[in-house]
>>> print(open('upload11.cif').read())   # mmCIF, C-alpha atoms and all ligand atoms
data_run
loop_
_atom_site.label_atom_id
_atom_site.label_comp_id
_atom_site.auth_asym_id
_atom_site.auth_seq_id
_atom_site.Cartn_x
_atom_site.Cartn_y
_atom_site.Cartn_z
CA MET A 1 -42.05 -3.76 12.06
CA PHE A 2 -43.13 -6.57 14.42
CA GLU A 3 -40.88 -5.06 17.14
CA GLU A 4 -43.25 -6.26 19.87
CA LEU A 5 -42.78 -9.85 18.73
CA PHE A 6 -39.01 -9.82 19.19
CA SER A 7 -37.56 -11.55 22.24
CA LYS A 8 -36.21 -9.24 24.95
CA ARG A 9 -32.74 -10.36 23.93
CA THR A 10 -33.26 -9.20 20.35
CA GLN A 11 -34.95 -5.99 21.39
CA ALA A 12 -31.83 -5.13 23.38
CA MET A 13 -29.53 -5.68 20.38
CA LYS A 14 -28.19 -2.46 18.90
CA ALA A 15 -26.34 -1.77 15.67
CA SER A 16 -22.69 -1.36 16.54
CA GLU A 17 -21.33 2.13 16.93
CA ILE A 18 -18.42 1.23 14.66
CA ARG A 19 -20.69 0.18 11.85
CA GLU A 20 -22.47 3.52 11.93
CA LEU A 21 -19.18 5.42 11.82
CA LEU A 22 -17.70 3.19 9.14
CA LYS A 23 -20.62 3.95 6.84
CA LEU A 24 -18.84 7.29 6.41
CA VAL A 25 -15.69 5.59 5.13
CA THR A 26 -16.95 5.07 1.63
CA SER A 27 -14.49 6.44 -0.88
CA ASP A 28 -11.08 5.08 -1.89
CA ASP A 29 -9.36 8.37 -1.18
CA ILE A 30 -9.97 7.84 2.55
CA ILE A 31 -7.03 5.95 4.03
CA SER A 32 -8.63 3.51 6.42
CA PHE A 33 -6.92 2.11 9.49
CA ALA A 34 -10.41 1.21 10.70
CA GLY A 35 -11.05 -2.29 9.37
CA GLY A 36 -9.47 -5.46 10.67
CA LEU A 37 -9.10 -7.24 7.37
CA PRO A 38 -6.19 -9.43 6.32
CA ASN A 39 -4.45 -8.14 3.20
CA PRO A 40 -5.80 -9.90 0.06
CA LYS A 41 -2.17 -10.29 -1.09
CA THR A 42 -1.86 -12.96 1.61
CA PHE A 43 -4.57 -15.20 0.16
CA PRO A 44 -3.06 -18.42 -1.25
CA ALA A 45 -5.03 -18.14 -4.50
CA SER A 46 -2.35 -19.46 -6.86
CA GLU A 47 -2.06 -22.87 -5.16
CA LEU A 48 -5.77 -23.29 -4.55
CA ALA A 49 -6.83 -24.46 -8.02
CA ASP A 50 -4.56 -27.49 -7.84
CA VAL A 51 -5.48 -28.25 -4.22
CA CYS A 52 -9.20 -28.06 -5.09
CA THR A 53 -8.72 -30.41 -8.06
CA THR A 54 -7.09 -33.02 -5.82
CA VAL A 55 -9.89 -32.69 -3.23
CA LEU A 56 -12.51 -33.16 -5.94
CA GLN A 57 -10.70 -36.11 -7.47
CA GLU A 58 -9.87 -37.92 -4.24
CA HIS A 59 -12.52 -36.91 -1.70
CA GLN A 60 -15.52 -35.87 -3.77
CA ALA A 61 -18.06 -38.07 -1.98
CA LYS A 62 -17.14 -36.78 1.47
CA ALA A 63 -16.14 -33.22 0.60
CA LEU A 64 -19.48 -32.43 -1.05
CA GLN A 65 -21.60 -34.34 1.47
CA TYR A 66 -22.81 -33.36 4.97
CA GLY A 67 -20.01 -33.94 7.43
CA THR A 68 -19.72 -34.78 11.10
CA THR A 69 -20.30 -31.95 13.58
CA GLU A 70 -16.81 -32.52 15.04
CA GLY A 71 -15.25 -31.68 11.69
CA VAL A 72 -13.24 -33.52 9.02
CA LEU A 73 -10.89 -35.97 10.75
CA SER A 74 -7.90 -35.33 8.47
CA LEU A 75 -8.07 -31.59 9.24
CA ARG A 76 -8.27 -32.18 12.99
CA GLU A 77 -5.28 -34.54 12.68
CA GLU A 78 -3.29 -31.94 10.74
CA ILE A 79 -4.06 -29.35 13.45
CA CYS A 80 -2.92 -31.80 16.17
CA LYS A 81 0.38 -32.45 14.35
CA ARG A 82 0.96 -28.72 14.00
CA MET A 83 0.22 -28.14 17.71
CA LYS A 84 2.82 -30.77 18.64
CA ARG A 85 5.36 -29.21 16.27
CA THR A 86 4.79 -25.54 17.13
CA ILE A 87 3.90 -25.48 20.83
CA ASP A 88 4.70 -29.03 21.94
CA LEU A 89 1.07 -29.65 22.91
CA ASP A 90 -0.19 -33.23 22.93
CA VAL A 91 -3.77 -33.20 21.65
CA GLY A 92 -5.86 -35.69 19.68
CA PRO A 93 -8.82 -35.19 17.33
CA ASP A 94 -11.23 -35.51 20.30
CA ASN A 95 -9.77 -32.33 21.73
CA ILE A 96 -10.78 -30.33 18.64
CA VAL A 97 -14.04 -29.24 17.04
CA ILE A 98 -13.99 -27.37 13.74
CA THR A 99 -16.23 -24.30 13.73
CA SER A 100 -17.48 -21.87 11.10
CA GLY A 101 -14.99 -19.15 12.06
CA SER A 102 -13.86 -18.71 15.63
CA GLN A 103 -16.75 -16.28 15.85
CA GLN A 104 -19.03 -19.32 15.91
CA GLY A 105 -16.83 -20.87 18.61
CA LEU A 106 -17.35 -17.78 20.77
CA ASP A 107 -21.11 -17.92 20.31
CA LEU A 108 -21.19 -21.64 21.14
CA LEU A 109 -19.14 -21.08 24.30
CA GLY A 110 -21.51 -18.29 25.31
CA LYS A 111 -24.44 -20.66 24.79
CA MET A 112 -22.68 -23.43 26.71
CA PHE A 113 -21.65 -21.48 29.83
CA ILE A 114 -23.80 -18.39 30.31
CA ASP A 115 -27.16 -18.25 32.10
CA PRO A 116 -28.72 -14.78 32.37
CA GLY A 117 -26.97 -12.85 35.16
CA ASP A 118 -23.83 -15.05 35.29
CA ALA A 119 -20.58 -13.18 35.81
CA ILE A 120 -17.95 -13.47 33.07
CA VAL A 121 -14.65 -11.62 32.86
CA VAL A 122 -13.40 -9.83 29.73
CA GLU A 123 -10.55 -7.44 28.98
CA ALA A 124 -11.07 -3.67 28.78
CA PRO A 125 -10.77 -2.93 25.90
CA SER A 126 -11.96 -6.24 24.46
CA TYR A 127 -12.67 -7.92 21.10
CA LEU A 128 -16.05 -6.58 20.09
CA GLY A 129 -17.19 -9.75 18.32
CA ALA A 130 -16.80 -11.76 21.54
CA VAL A 131 -18.59 -9.19 23.67
CA GLY A 132 -21.46 -9.17 21.13
CA ALA A 133 -21.64 -12.97 21.05
CA PHE A 134 -21.63 -13.30 24.85
CA LYS A 135 -24.07 -10.41 25.32
CA SER A 136 -26.93 -12.28 23.68
CA TYR A 137 -26.79 -14.80 26.57
CA GLU A 138 -27.25 -11.92 29.06
CA PRO A 139 -24.23 -12.17 31.38
CA ASN A 140 -22.90 -9.57 33.81
CA PHE A 141 -19.64 -8.41 32.33
CA VAL A 142 -16.68 -7.79 34.63
CA ALA A 143 -14.22 -5.80 32.51
CA ILE A 144 -10.59 -5.77 33.67
CA GLU A 145 -8.27 -3.09 32.32
CA LEU A 146 -5.15 -3.99 30.40
CA ASP A 147 -1.77 -2.30 29.94
CA ASP A 148 1.26 -3.04 27.76
CA ASP A 149 1.62 -6.43 29.53
CA GLY A 150 -1.95 -7.58 28.92
CA MET A 151 -4.81 -7.90 31.41
CA LYS A 152 -3.89 -6.44 34.82
CA ILE A 153 -3.97 -9.64 36.80
CA ASP A 154 -3.69 -7.86 40.17
CA LEU A 155 -6.96 -6.07 39.35
CA LEU A 156 -8.50 -9.39 38.35
CA GLU A 157 -7.42 -10.91 41.66
CA GLU A 158 -8.97 -7.98 43.54
CA GLN A 159 -12.23 -8.30 41.61
CA LEU A 160 -12.40 -12.06 42.13
CA ALA A 161 -12.01 -11.57 45.89
CA ASN A 162 -14.73 -8.87 45.88
CA LEU A 163 -17.09 -11.04 43.87
CA LYS A 164 -16.49 -14.01 46.15
CA LYS A 165 -17.66 -11.96 49.12
CA ARG A 166 -20.98 -11.75 47.27
CA PHE A 167 -20.80 -15.52 46.52
CA VAL A 168 -20.16 -14.81 42.84
CA ILE A 169 -17.58 -16.81 40.88
CA PRO A 170 -17.23 -15.95 37.18
CA LYS A 171 -17.95 -18.81 34.80
CA PHE A 172 -14.96 -17.91 32.64
CA VAL A 173 -12.27 -15.36 31.93
CA TYR A 174 -12.08 -14.45 28.24
CA VAL A 175 -8.72 -13.17 26.98
CA VAL A 176 -6.95 -12.51 23.69
CA PRO A 177 -3.51 -12.87 25.29
CA THR A 178 -1.33 -12.65 22.20
CA PHE A 179 -1.28 -9.50 20.02
CA GLN A 180 -4.65 -8.52 21.36
CA ASN A 181 -7.48 -7.12 19.26
CA PRO A 182 -7.86 -4.15 19.69
CA ALA A 183 -4.79 -3.08 21.70
CA GLY A 184 -2.02 -5.15 20.06
CA VAL A 185 -0.51 -6.02 23.46
CA THR A 186 0.64 -9.45 24.68
CA MET A 187 0.12 -10.87 28.16
CA THR A 188 3.45 -11.63 29.84
CA ASP A 189 4.44 -15.12 30.89
CA SER A 190 4.22 -14.28 34.59
CA ARG A 191 0.70 -12.83 34.23
CA ARG A 192 -0.31 -15.98 32.36
CA ASP A 193 1.01 -18.10 35.23
CA LYS A 194 -0.92 -15.99 37.73
CA LEU A 195 -4.11 -16.24 35.66
CA VAL A 196 -3.77 -20.03 35.63
CA GLU A 197 -3.18 -20.03 39.40
CA LEU A 198 -6.35 -17.97 39.92
CA SER A 199 -8.35 -20.26 37.62
CA HIS A 200 -7.48 -23.18 39.92
CA GLU A 201 -8.16 -21.18 43.08
CA TYR A 202 -11.55 -19.87 41.92
CA ASP A 203 -12.38 -22.76 39.61
CA PHE A 204 -13.23 -20.90 36.41
CA ILE A 205 -12.59 -21.78 32.76
CA ILE A 206 -10.09 -19.80 30.68
CA ILE A 207 -11.19 -18.93 27.15
CA GLU A 208 -8.05 -18.16 25.15
CA ASP A 209 -8.90 -16.56 21.79
CA SER A 210 -5.74 -16.53 19.72
CA PRO A 211 -6.25 -15.74 16.03
CA TYR A 212 -2.90 -13.90 15.79
CA GLU A 213 -0.74 -16.50 17.58
CA ASN A 214 1.28 -17.33 14.45
CA LEU A 215 1.83 -13.74 13.34
CA ARG A 216 4.84 -12.73 15.45
CA TYR A 217 7.27 -10.20 13.91
CA ALA A 218 9.54 -9.51 16.88
CA GLY A 219 10.34 -10.80 20.36
CA LYS A 220 10.09 -14.33 21.71
CA ASP A 221 7.14 -16.74 21.73
CA ILE A 222 5.28 -17.00 25.04
CA LYS A 223 3.61 -20.26 25.97
CA PRO A 224 -0.15 -20.19 25.25
CA LEU A 225 -2.52 -20.65 28.19
CA ILE A 226 -3.70 -23.98 26.77
CA VAL A 227 -0.17 -25.33 27.28
CA LYS A 228 -0.05 -24.03 30.84
CA ALA A 229 -3.55 -25.20 31.81
CA PRO A 230 -4.74 -27.84 29.32
CA ASP A 231 -7.32 -29.16 31.80
CA ARG A 232 -9.31 -25.90 32.03
CA THR A 233 -8.55 -23.85 28.91
CA LEU A 234 -10.61 -23.65 25.75
CA ASN A 235 -8.40 -22.27 23.00
CA LEU A 236 -9.81 -20.81 19.80
CA GLY A 237 -7.69 -20.79 16.66
CA THR A 238 -8.55 -19.82 13.11
CA PHE A 239 -7.33 -20.00 9.51
CA SER A 240 -8.79 -16.54 8.86
CA LYS A 241 -5.50 -14.69 9.29
CA THR A 242 -3.10 -17.34 7.99
CA PHE A 243 -5.06 -18.72 5.01
CA ALA A 244 -8.27 -16.89 4.05
CA PRO A 245 -11.20 -15.58 6.14
CA GLY A 246 -13.58 -16.42 3.28
CA PHE A 247 -13.19 -20.11 4.08
CA ARG A 248 -14.66 -19.57 7.58
CA ILE A 249 -12.65 -22.42 9.08
CA ALA A 250 -11.54 -22.31 12.71
CA TRP A 251 -11.31 -24.60 15.71
CA THR A 252 -12.02 -24.77 19.42
CA MET A 253 -9.57 -26.95 21.33
CA GLY A 254 -9.58 -28.15 24.92
CA PRO A 255 -10.45 -31.02 27.29
CA ALA A 256 -12.39 -33.73 25.40
CA ASP A 257 -15.48 -33.55 27.65
CA LEU A 258 -15.79 -29.80 27.14
CA VAL A 259 -15.21 -30.13 23.39
CA ARG A 260 -17.95 -32.78 23.32
CA LYS A 261 -20.37 -30.22 24.80
CA VAL A 262 -19.35 -27.68 22.14
CA VAL A 263 -20.11 -30.32 19.50
CA ILE A 264 -23.59 -30.91 20.94
CA SER A 265 -24.17 -27.19 21.05
CA LYS A 266 -23.03 -26.85 17.42
CA GLN A 267 -25.33 -29.64 16.20
CA SER A 268 -28.32 -27.39 16.63
CA ALA A 269 -26.52 -24.35 15.22
CA ASP A 270 -25.44 -25.56 11.77
CA LEU A 271 -25.06 -29.38 11.77
CA CYS A 272 -21.50 -29.10 10.46
CA THR A 273 -18.93 -26.68 9.09
CA ALA A 274 -18.55 -26.81 5.28
CA PRO A 275 -16.64 -30.07 4.60
CA PHE A 276 -15.37 -28.85 1.20
CA SER A 277 -13.50 -25.95 2.83
CA GLN A 278 -12.15 -28.28 5.51
CA PHE A 279 -10.82 -30.82 2.99
CA ILE A 280 -9.09 -28.04 1.06
CA ILE A 281 -7.24 -26.76 4.12
CA ALA A 282 -6.36 -30.33 5.20
CA GLU A 283 -4.87 -31.00 1.75
CA TYR A 284 -3.03 -27.65 1.81
CA MET A 285 -1.53 -28.48 5.20
CA SER A 286 -0.64 -32.07 4.27
CA ARG A 287 1.37 -30.74 1.30
CA GLY A 288 3.41 -28.71 3.80
CA LEU A 289 2.27 -25.40 2.30
CA LEU A 290 0.89 -23.64 5.39
CA ASP A 291 4.09 -22.95 7.34
CA PRO A 292 6.03 -21.35 4.45
CA HIS A 293 2.90 -19.37 3.59
CA ILE A 294 2.72 -17.99 7.13
CA GLU A 295 6.38 -16.90 6.84
CA GLU A 296 5.45 -14.87 3.73
CA ILE A 297 2.51 -13.23 5.53
CA LYS A 298 4.76 -12.33 8.45
CA LYS A 299 7.23 -10.58 6.10
CA LEU A 300 4.45 -8.48 4.56
CA TYR A 301 2.84 -7.45 7.87
CA SER A 302 6.09 -6.93 9.69
CA THR A 303 7.10 -4.33 7.08
CA LYS A 304 3.73 -2.62 7.42
CA ARG A 305 3.99 -2.57 11.20
CA ASP A 306 7.47 -1.03 10.98
CA ILE A 307 6.26 1.63 8.55
CA MET A 308 3.37 2.57 10.83
CA LEU A 309 5.55 2.68 13.97
CA LYS A 310 8.18 4.82 12.19
CA ALA A 311 5.52 7.19 10.82
CA LEU A 312 3.99 7.53 14.30
CA ASP A 313 7.42 8.26 15.78
CA GLU A 314 8.17 10.89 13.18
CA ASN A 315 4.81 12.64 13.09
CA MET A 316 2.74 12.32 16.27
CA PRO A 317 2.59 15.18 18.76
CA GLU A 318 4.48 14.34 21.95
CA GLU A 319 1.26 14.17 24.03
CA VAL A 320 0.17 11.06 22.09
CA SER A 321 1.36 7.51 22.89
CA TRP A 322 0.77 4.11 21.29
CA THR A 323 1.42 0.41 21.86
CA LYS A 324 4.25 -1.35 20.01
CA PRO A 325 2.82 -4.71 19.02
CA GLU A 326 5.22 -7.59 18.41
CA GLY A 327 2.67 -9.22 16.10
CA GLY A 328 -0.94 -9.25 14.93
CA LEU A 329 -2.76 -6.56 12.98
CA PHE A 330 -3.44 -3.68 15.35
CA LEU A 331 -2.01 -1.01 17.55
CA TRP A 332 -3.68 1.22 20.09
CA VAL A 333 -3.27 4.99 20.31
CA ARG A 334 -3.83 7.10 23.42
CA ALA A 335 -4.37 10.85 23.06
CA PRO A 336 -4.55 13.25 26.03
CA SER A 337 -7.69 12.78 28.12
CA TYR A 338 -9.34 15.98 26.81
CA VAL A 339 -9.34 14.66 23.19
CA ASP A 340 -12.57 12.92 22.22
CA THR A 341 -11.76 10.56 19.34
CA LYS A 342 -15.45 10.13 18.48
CA ASP A 343 -15.91 13.84 18.20
CA MET A 344 -12.72 14.05 16.14
CA PHE A 345 -13.79 11.30 13.74
CA LEU A 346 -15.62 13.57 11.29
CA ARG A 347 -12.66 15.93 11.14
CA ALA A 348 -10.42 12.93 10.42
CA ILE A 349 -12.75 11.86 7.61
CA GLU A 350 -12.52 15.40 6.16
CA LYS A 351 -8.74 14.92 6.15
CA LYS A 352 -9.31 11.51 4.50
CA VAL A 353 -8.15 9.17 7.23
CA ALA A 354 -10.18 6.76 9.40
CA TYR A 355 -9.71 4.75 12.60
CA VAL A 356 -11.98 3.01 15.12
CA THR A 357 -12.91 5.03 18.20
CA GLY A 358 -11.81 3.65 21.58
CA THR A 359 -15.24 3.69 23.25
CA ALA A 360 -16.45 1.02 20.82
CA PHE A 361 -14.25 -1.56 22.55
CA TYR A 362 -15.31 -0.90 26.16
CA GLY A 363 -19.08 -0.68 26.26
CA ASP A 364 -19.04 1.37 29.50
CA GLY A 365 -18.03 4.81 28.26
CA ARG A 366 -14.28 4.35 28.78
CA GLY A 367 -11.81 4.91 25.93
CA THR A 368 -12.98 8.37 24.77
CA ASN A 369 -9.39 9.48 24.09
CA GLU A 370 -8.26 6.21 22.47
CA MET A 371 -8.38 4.63 19.03
CA ARG A 372 -7.46 1.41 17.21
CA LEU A 373 -5.29 1.46 14.10
CA ASN A 374 -5.00 -1.51 11.71
CA PHE A 375 -1.76 -1.87 9.74
CA SER A 376 -2.38 -5.00 7.63
CA PHE A 377 -4.65 -3.69 4.92
CA GLU A 378 -3.41 -0.41 3.42
CA THR A 379 -0.42 -0.17 1.05
CA ASP A 380 2.93 0.84 2.54
CA GLU A 381 2.72 4.34 1.01
CA ARG A 382 -0.81 4.92 2.23
CA ILE A 383 0.13 3.83 5.77
CA HIS A 384 2.78 6.53 5.82
CA THR A 385 0.49 9.22 4.39
CA GLY A 386 -2.43 8.16 6.60
CA VAL A 387 -0.37 8.52 9.78
CA GLU A 388 0.80 11.98 8.63
CA ARG A 389 -2.84 13.00 8.17
CA LEU A 390 -3.91 11.55 11.51
CA ALA A 391 -1.06 13.34 13.27
CA GLU A 392 -2.21 16.61 11.74
CA VAL A 393 -5.79 16.04 12.91
CA LEU A 394 -4.55 15.22 16.42
CA ARG A 395 -2.26 18.26 16.51
CA ASP A 396 -5.21 20.54 15.60
CA GLU A 397 -7.39 18.80 18.16
CA ILE A 398 -4.81 19.20 20.95
CA LYS A 399 -4.43 22.88 20.07
CA ARG A 400 -8.19 23.42 20.19
CA GLN A 401 -9.03 21.33 23.28
CA SER A 402 -5.97 21.69 25.48
CA PRO A 403 -7.13 23.18 28.80
C1 LIG A 501 -9.85 -11.72 18.69
C2 LIG A 501 -10.66 -12.27 17.57
N1 LIG A 501 -11.39 -13.37 17.78
C3 LIG A 501 -12.15 -13.90 16.80
C4 LIG A 501 -12.18 -13.34 15.55
C5 LIG A 501 -13.07 -13.98 14.49
O1 LIG A 501 -12.32 -14.70 13.59
P1 LIG A 501 -12.96 -15.73 12.57
O2 LIG A 501 -12.74 -15.15 11.21
O3 LIG A 501 -12.22 -17.01 12.78
O4 LIG A 501 -14.41 -15.88 12.89
C6 LIG A 501 -11.43 -12.20 15.27
C7 LIG A 501 -11.50 -11.56 13.96
O5 LIG A 501 -10.96 -10.54 13.68
C8 LIG A 501 -10.66 -11.64 16.33
O6 LIG A 501 -9.91 -10.55 16.14
#
>>> encode(input="upload11.cif", output="structure tokens", more="lines below")
Ligand SMILES: Cc1ncc(COP(=O)(O)O)c(C=O)c1O
Amino acid sequence: MFEELFSKRTQAMKASEIRELLKLVTSDDIISFAGGLPNPKTFPASELADVCTTVLQEHQAKALQYGTTEGVLSLREEICKRMKRTIDLDVGPDNIVITSGSQQGLDLLGKMFIDPGDAIVVEAPSYLGAVGAFKSYEPNFVAIELDDDGMKIDLLEEQLANLKKRFVIPKFVYVVPTFQNPAGVTMTDSRRDKLVELSHEYDFIIIEDSPYENLRYAGKDIKPLIVKAPDRTLNLGTFSKTFAPGFRIAWTMGPADLVRKVVISKQSADLCTAPFSQFIIAEYMSRGLLDPHIEEIKKLYSTKRDIMLKALDENMPEEVSWTKPEGGLFLWVRAPSYVDTKDMFLRAIEKKVAYVTGTAFYGDGRGTNEMRLNFSFETDERIHTGVERLAEVLRDEIKRQSP
């Protein structure tokens, strides 16, 4: 109804392919590696009642009132202190705007930088939510493949040189450099350095989306891009994976003049992010509860990751490979090129196991033989059984399709 009244932008919007497939994942007996949800066991419910009482007793007038668009000062200060402690980054409250989820941050950055037809660079595969948010501002996407070491920076360099010949410079390069969604891979330190070098040479902004930064289960920390290039990086962080996604509290951090523009852009989006939620997280952090809580989450997810990797090792046919994430919530499976994971999806559902098809994360037809698996949500036992089922489906598929 009223289709002809919709803007061109809205007319072009399509329901996501994943959503259509996931409608089939309805019953509890299907083991789902498809979602991207944190495990509800990680929600800090037991401490929240007391934290909420304190907020209501001590900050009622501000916590239940409209707030500033920048966000609650005490929360921004807590985030600054944590940045100094964890990554030795010197930032002040003016470098941070609180957003309603980092998803809102992505939308605001799209609004702030993209005119129709502007070139922007993303990873291939990339985080779907970002691609969707940017798409509504009608950019030309330049999608750069990644491997186990993150975005292939030599390909980016090549593309930048090609674009420059046509007088095109991308407005920004969007990356999820640490424990990427969907592939689970992490960009190496040397690729990060090269990306920063290119950002100076070509004068683009780096958008570093890092919701999984604190969820490392193995290996060594790598310096975030915001530490390497604080003058031209906008870093998005969130409490969705370390506290609770239901609070919808996240932040965009970067040079004060750019953050100021995000604030202006946010004013017309929602005036402010819910102050009550912000005060609760500020109180939780000021009591020193967040860091030990993150350690507990890491224990839970690290076990689940190990169980999934072991089950893959023990069960998958030898033609299949997968990434070995050192953190985050996802890993990425590659089947032989003749396997179509979309075609196989219904057969997987019959065997009561679900995943997300690779093509959903590219948008240009690539990824037909790939899939994303989430390991944070299912119980340990179901992860093991689910991988056994998936391996069986893949074995059948390879037998049927192998040329
Ligand atoms: C890479 C990435 N960016 C952003 C988000 C959105 O997070 P938020 O809950 O803070 O909106 C997600 C959520 O899964 C994500 O994986």
>>> atom_distance(input="upload11.cif", atom1="CA of Gly184 (chain A)", atom2="CA of Lys304 (chain A)")
14.1 Å
>>> atom_distance(input="upload11.cif", atom1="CA of Asp154 (chain A)", atom2="CA of Val173 (chain A)")
14.1 Å
>>> closest_residue(input="upload11.cif", among="A:Pro275, A:Gly71, A:Pro116, A:Pro245", to="ligand LIG 501 (chain A)", atoms="all atoms listed in the file")
A:Pro245
>>> residues_near_point(input="upload11.cif", point="(4.0, 11.0, 11.6)", cutoff="9 Å", atoms="only C-alpha atoms", output="MDAnalysis selection string")
chainID A and resid 308:317 384:392
>>> closest_atom_pairs(input="upload11.cif", of="chain A", to="ligand LIG 501 (chain A)", cutoff="6 Å", atoms="only C-alpha atoms and all ligand atoms", output="tab-separated table")
residue	atom	partner	partner_atom	distance
A:Gly101	CA	A:LIG501	O4	3.4
A:Ser102	CA	A:LIG501	O3	3.7
A:Gln103	CA	A:LIG501	O4	3.8
A:Tyr127	CA	A:LIG501	C1	5.3
A:Val176	CA	A:LIG501	C1	5.8
A:Asn181	CA	A:LIG501	C1	5.2
A:Asp209	CA	A:LIG501	N1	5.7
A:Pro211	CA	A:LIG501	C2	5.8
A:Thr238	CA	A:LIG501	O3	4.6
A:Ser240	CA	A:LIG501	O2	4.8
A:Pro245	CA	A:LIG501	O2	5.3
A:Ala250	CA	A:LIG501	O3	5.3
>>> write_last_selection(input="upload11.cif", atoms="C-alpha atoms", output="mmCIF file, in the coordinates of the input")
data_model
loop_
_atom_site.group_PDB
_atom_site.id
_atom_site.type_symbol
_atom_site.label_atom_id
_atom_site.label_comp_id
_atom_site.auth_asym_id
_atom_site.auth_seq_id
_atom_site.Cartn_x
_atom_site.Cartn_y
_atom_site.Cartn_z
ATOM 1 C CA GLY A 101 -14.990 -19.150 12.060
ATOM 2 C CA SER A 102 -13.860 -18.710 15.630
ATOM 3 C CA GLN A 103 -16.750 -16.280 15.850
ATOM 4 C CA TYR A 127 -12.670 -7.920 21.100
ATOM 5 C CA VAL A 176 -6.950 -12.510 23.690
ATOM 6 C CA ASN A 181 -7.480 -7.120 19.260
ATOM 7 C CA ASP A 209 -8.900 -16.560 21.790
ATOM 8 C CA PRO A 211 -6.250 -15.740 16.030
ATOM 9 C CA THR A 238 -8.550 -19.820 13.110
ATOM 10 C CA SER A 240 -8.790 -16.540 8.860
ATOM 11 C CA PRO A 245 -11.200 -15.580 6.140
ATOM 12 C CA ALA A 250 -11.540 -22.310 12.710
#
>>> axis_aligned_box(input="upload11.cif", around="region 106-121 of chain A", padding_each_side="5 Å", output="AutoDock Vina command-line options")
--center_x -21.7 --center_y -17.5 --center_z 28.1 --size_x 24.1 --size_y 21.8 --size_z 25.5
>>> closest_residue(input="upload11.cif", among="A:Glu326, A:Glu145, A:Asp231, A:Asp221", to="Phe204 (chain A)", atoms="all atoms listed in the file")
A:Asp231
>>> atom_distance(input="upload11.cif", atom1="CA of Glu20 (chain A)", atom2="CA of Ala244 (chain A)")
26.1 Å
>>> residues_near_point(input="upload11.cif", point="(5.8, -22.1, 10.8)", cutoff="10 Å", atoms="all atoms listed in the file", output="ChimeraX atom specification")
/A:82,85-86,214-215,288-295
>>> closest_residue(input="upload11.cif", among="A:Leu258, A:Leu331, A:Ile114, A:Met187", to="Ser210 (chain A)", atoms="all atoms listed in the file")
A:Met187
>>> residues_around(input="upload11.cif", residues="Phe276 (chain A)", least_positions_apart="3", cutoff="7 Å", atoms="all atoms listed in the file", output="ChimeraX atom specification")
/A:63-64,279-280
>>> closest_residue(input="upload11.cif", among="A:Cys52, A:Ser136, A:Leu156, A:Arg216", to="Arg191 (chain A)", atoms="only C-alpha atoms")
A:Leu156
>>> closest_residue(input="upload11.cif", among="A:Ser32, A:Ala124, A:Thr54, A:Leu108", to="Gln267 (chain A)", atoms="all atoms listed in the file")
A:Leu108
>>> residues_around(input="upload11.cif", residues="Asp203 (chain A)", least_positions_apart="3", cutoff="12 Å", atoms="only C-alpha atoms", output="ChimeraX atom specification")
/A:160,164,168-173,195-200,206,231-233
>>> residues_around(input="upload11.cif", residues="Ile222 (chain A)", least_positions_apart="5", cutoff="9 Å", atoms="only C-alpha atoms", output="MDAnalysis selection string")
chainID A and resid 178 186:189
